[in-house]
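Asks: Contents of protein36.cif (mmCIF, C-alpha atoms):
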data_work
loop_
_atom_site.label_atom_id
_atom_site.label_comp_id
_atom_site.auth_asym_id
_atom_site.auth_seq_id
_atom_site.Cartn_x
_atom_site.Cartn_y
_atom_site.Cartn_z
CA MET A 1 140.40 115.20 9.56
CA GLU A 2 143.18 117.71 9.03
CA ILE A 3 145.22 118.28 5.90
CA SER A 4 148.03 116.07 7.23
CA ASP A 5 145.58 113.19 7.76
CA TRP A 6 144.23 113.50 4.23
CA ARG A 7 147.78 113.56 2.91
CA LYS A 8 148.57 110.37 4.76
CA LYS A 9 145.53 108.82 3.09
CA ILE A 10 146.69 110.12 -0.32
CA ASP A 11 150.15 108.62 0.21
CA GLU A 12 148.56 105.24 0.97
CA LEU A 13 146.37 105.49 -2.14
CA ASP A 14 149.40 106.42 -4.24
CA GLU A 15 151.22 103.28 -3.10
CA GLN A 16 148.30 101.20 -4.37
CA ILE A 17 147.98 103.20 -7.60
CA VAL A 18 151.70 102.88 -8.36
CA ARG A 19 151.53 99.12 -7.77
CA LEU A 20 148.54 98.74 -10.08
CA ILE A 21 149.91 100.85 -12.93
CA ASN A 22 153.05 98.72 -12.79
CA GLN A 23 150.92 95.57 -13.03
CA ARG A 24 149.22 97.22 -16.00
CA ALA A 25 152.65 97.87 -17.51
CA GLU A 26 153.61 94.20 -17.10
CA ALA A 27 150.48 93.20 -19.01
CA ALA A 28 151.22 95.82 -21.69
CA GLN A 29 154.76 94.47 -22.02
CA ALA A 30 153.41 90.95 -22.46
CA ILE A 31 151.05 92.21 -25.16
CA GLY A 32 153.95 94.09 -26.78
CA GLN A 33 155.94 90.88 -27.02
CA LEU A 34 153.00 88.97 -28.52
CA LYS A 35 152.43 91.78 -31.04
CA HIS A 36 156.12 91.77 -31.93
CA LYS A 37 156.10 88.00 -32.51
CA SER A 38 153.12 88.22 -34.82
CA SER A 39 154.23 91.49 -36.48
CA MET A 40 151.17 93.37 -35.22
CA PRO A 41 151.34 97.17 -34.89
CA VAL A 42 151.87 98.61 -31.40
CA TYR A 43 149.41 101.42 -32.06
CA GLU A 44 145.86 100.13 -32.19
CA PRO A 45 143.49 103.11 -32.05
CA GLN A 46 140.38 100.96 -31.70
CA ARG A 47 141.73 99.23 -28.60
CA GLU A 48 142.77 102.59 -27.13
CA ASN A 49 139.25 103.92 -27.72
CA ASN A 50 137.86 100.85 -26.00
CA VAL A 51 140.05 101.54 -22.98
CA PHE A 52 138.81 105.13 -22.77
CA GLU A 53 135.22 103.95 -23.15
CA HIS A 54 135.72 101.36 -20.45
CA VAL A 55 137.22 103.74 -17.88
CA ARG A 56 134.41 106.21 -18.58
CA SER A 57 131.84 103.47 -18.01
CA VAL A 58 133.26 102.45 -14.62
CA ASN A 59 134.01 105.97 -13.33
CA PRO A 60 132.18 106.45 -10.02
CA GLY A 61 133.17 110.14 -9.63
CA PRO A 62 133.86 112.68 -8.19
CA LEU A 63 136.22 112.97 -11.17
CA SER A 64 134.42 113.78 -14.40
CA ASN A 65 134.80 111.40 -17.34
CA THR A 66 136.93 114.07 -19.04
CA GLU A 67 139.30 114.18 -16.07
CA VAL A 68 139.61 110.40 -15.95
CA VAL A 69 140.28 110.26 -19.69
CA ASP A 70 142.87 113.06 -19.33
CA ILE A 71 144.77 110.89 -16.86
CA TYR A 72 144.33 107.79 -19.01
CA GLN A 73 145.68 109.52 -22.08
CA ARG A 74 148.96 109.91 -20.23
CA ILE A 75 148.85 106.32 -18.97
CA ILE A 76 148.25 105.04 -22.51
CA ASP A 77 151.04 107.26 -23.92
CA VAL A 78 153.50 105.79 -21.41
CA MET A 79 152.34 102.21 -22.05
CA ARG A 80 152.58 102.62 -25.84
CA ALA A 81 156.15 103.91 -25.53
CA LEU A 82 156.93 100.96 -23.25
CA GLN A 83 155.72 98.51 -25.93
CA ARG A 84 157.79 100.30 -28.58
CA ASN A 85 161.02 100.46 -26.61
CA ARG A 86 161.17 97.15 -24.82
CA ASP A 87 159.89 94.47 -27.18
CA MET B 88 148.11 83.82 -22.26
CA GLU B 89 146.85 85.45 -25.44
CA ILE B 90 146.40 89.15 -26.13
CA SER B 91 142.70 88.93 -25.32
CA ASP B 92 143.49 87.42 -21.89
CA TRP B 93 145.97 90.17 -21.09
CA ARG B 94 143.42 92.75 -22.16
CA LYS B 95 140.86 91.25 -19.79
CA LYS B 96 143.45 91.59 -17.02
CA ILE B 97 144.13 95.21 -18.04
CA ASP B 98 140.40 96.00 -17.96
CA GLU B 99 140.20 94.60 -14.42
CA LEU B 100 143.24 96.62 -13.34
CA ASP B 101 141.73 99.75 -14.89
CA GLU B 102 138.58 99.32 -12.81
CA GLN B 103 140.71 99.30 -9.66
CA ILE B 104 142.86 102.21 -10.84
CA VAL B 105 139.82 104.34 -11.70
CA ARG B 106 138.31 103.63 -8.27
CA LEU B 107 141.54 104.58 -6.48
CA ILE B 108 142.16 107.81 -8.40
CA ASN B 109 138.60 108.82 -7.55
CA GLN B 110 139.29 108.14 -3.88
CA ARG B 111 142.41 110.25 -4.27
CA ALA B 112 140.24 113.00 -5.82
CA GLU B 113 137.88 112.88 -2.83
CA ALA B 114 140.82 113.41 -0.49
CA ALA B 115 142.13 116.23 -2.69
CA GLN B 116 138.70 117.88 -2.60
CA ALA B 117 138.64 117.65 1.19
CA ILE B 118 142.08 119.27 1.32
CA GLY B 119 140.88 121.92 -1.14
CA GLN B 120 138.03 122.84 1.19
CA LEU B 121 140.33 123.01 4.23
CA LYS B 122 142.76 125.20 2.25
CA HIS B 123 139.92 127.45 1.16
CA LYS B 124 138.67 127.88 4.75
CA SER B 125 142.12 128.85 5.97
CA SER B 126 143.00 130.91 2.85
CA MET B 127 145.90 128.63 1.94
CA PRO B 128 147.10 128.50 -1.67
CA VAL B 129 146.00 125.52 -3.78
CA TYR B 130 149.42 125.27 -5.41
CA GLU B 131 152.03 123.99 -2.98
CA PRO B 132 155.13 123.03 -4.95
CA GLN B 133 156.84 121.45 -1.95
CA ARG B 134 153.94 119.06 -1.35
CA GLU B 135 153.85 118.19 -5.07
CA ASN B 136 157.57 117.42 -4.97
CA ASN B 137 156.99 115.22 -1.96
CA VAL B 138 154.33 113.29 -3.88
CA PHE B 139 156.71 112.72 -6.81
CA GLU B 140 159.46 111.66 -4.40
CA HIS B 141 157.08 109.28 -2.66
CA VAL B 142 155.85 107.56 -5.84
CA ARG B 143 159.45 107.17 -7.01
CA SER B 144 160.38 105.60 -3.68
CA VAL B 145 157.58 103.00 -3.83
CA ASN B 146 157.87 102.20 -7.55
CA PRO B 147 158.48 98.44 -7.95
CA GLY B 148 158.93 98.58 -11.76
CA PRO B 149 158.82 97.59 -14.61
CA LEU B 150 157.95 101.27 -15.16
CA SER B 151 160.92 103.56 -14.71
CA ASN B 152 160.68 106.35 -12.14
CA THR B 153 160.48 108.82 -15.03
CA GLU B 154 157.47 106.99 -16.48
CA VAL B 155 155.70 106.89 -13.13
CA VAL B 156 156.37 110.61 -12.56
CA ASP B 157 155.12 111.36 -16.10
CA ILE B 158 151.79 109.75 -15.20
CA TYR B 159 151.71 111.47 -11.81
CA GLN B 160 152.28 114.89 -13.34
CA ARG B 161 148.99 114.45 -15.16
CA ILE B 162 147.25 113.13 -12.03
CA ILE B 163 148.49 116.13 -10.02
CA ASP B 164 147.45 118.57 -12.78
CA VAL B 165 143.92 117.16 -12.72
CA MET B 166 143.75 117.19 -8.90
CA ARG B 167 145.01 120.77 -8.70
CA ALA B 168 142.35 121.93 -11.18
CA LEU B 169 139.76 120.04 -9.12
CA GLN B 170 140.78 121.97 -5.97
CA ARG B 171 140.61 125.26 -7.88
CA ASN B 172 137.23 124.69 -9.48
CA ARG B 173 135.21 122.98 -6.79
CA ASP B 174 136.12 124.63 -3.48
#
Starting from the coordinates I provided, produce the structure as structure tokens.
Replies:
Amino acid sequence: MEISDWRKKIDELDEQIVRLINQRAEAAQAIGQLKHKSSMPVYEPQRENNVFEHVRSVNPGPLSNTEVVDIYQRIIDVMRALQRNRD
Amino acid sequence: MEISDWRKKIDELDEQIVRLINQRAEAAQAIGQLKHKSSMPVYEPQRENNVFEHVRSVNPGPLSNTEVVDIYQRIIDVMRALQRNRD
């Protein structure tokens, strides 16, 4: 496969990834609304740690756990802001 | 659905997301090796811009394009480091 073929594959993967992170955002929004109704804090460090632990535990590689967690830190930052801004 | 149900859904989504970003990393590694063989630079700003443009164009929401690009900046950073370190 040439570079252009691999890039086509990456573009296809990105379409799936973008769809899934949006589904994740919908779920985070739903949780944000439930938290708001019951006056729970948006920031729950224990849950965030559980998410990092979970993605580490299901990481098949080649990315290292550190690389996966690096990406997830950004995902969690964005989701937390989403819960804050759109309750 | 309660918070715990939504979290179960998020955990399932995360398993899919982690699998796909690892597939993306495999493709990036393959490209890294091809670039190395032909002495091409790892950093190609035009390709990175195309990736951001592409994810914006396929973003169904609720995440804004800015939020999706925020996440993708981290993904691209990790992938670029992967190409540099593991050629």
Asks: Give me the residues within 7 Å of Leu107 in chain B as a list of chain:residue names, counting only C-alpha atoms and dropping any in the same chain fewer than 3 places off.
Replies: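 The residues that qualify are A:Leu13, A:Ile17, B:Gln103, B:Ile104, B:Gln110, B:Arg111.
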Asks: Which residues would end up in the selection if the PyMOL selection byres ((chain A) within 8 of (chain B)) were applied here, given that I need the answer as a ChimeraX atom specification?
Replies: /A:2-3,6-7,9-11,13-28,30-31,34,51,54-55,58-63,67-68,70-71,74-75,78
Asks: Please indicate the distance in Å from CA of Asn65 in chain A to CA of Gln46 in chain A, rounded to one decimal place.
Replies: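 Computed distance, CA of Asn65 in chain A to CA of Gln46 in chain A, equals 18.6 Å.
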Asks: Quick one: pull the distance between CA of Gln170 in chain B and CA of Asn49 in chain A, Å, one decimal.
Replies: 28.3 Å
Asks: What is the CA of Asn172 in chain B to CA of Glu135 in chain B distance in Å?
Replies: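 CA of Glu135 in chain B lies at a distance of 18.4 Å from CA of Asn172 in chain B.
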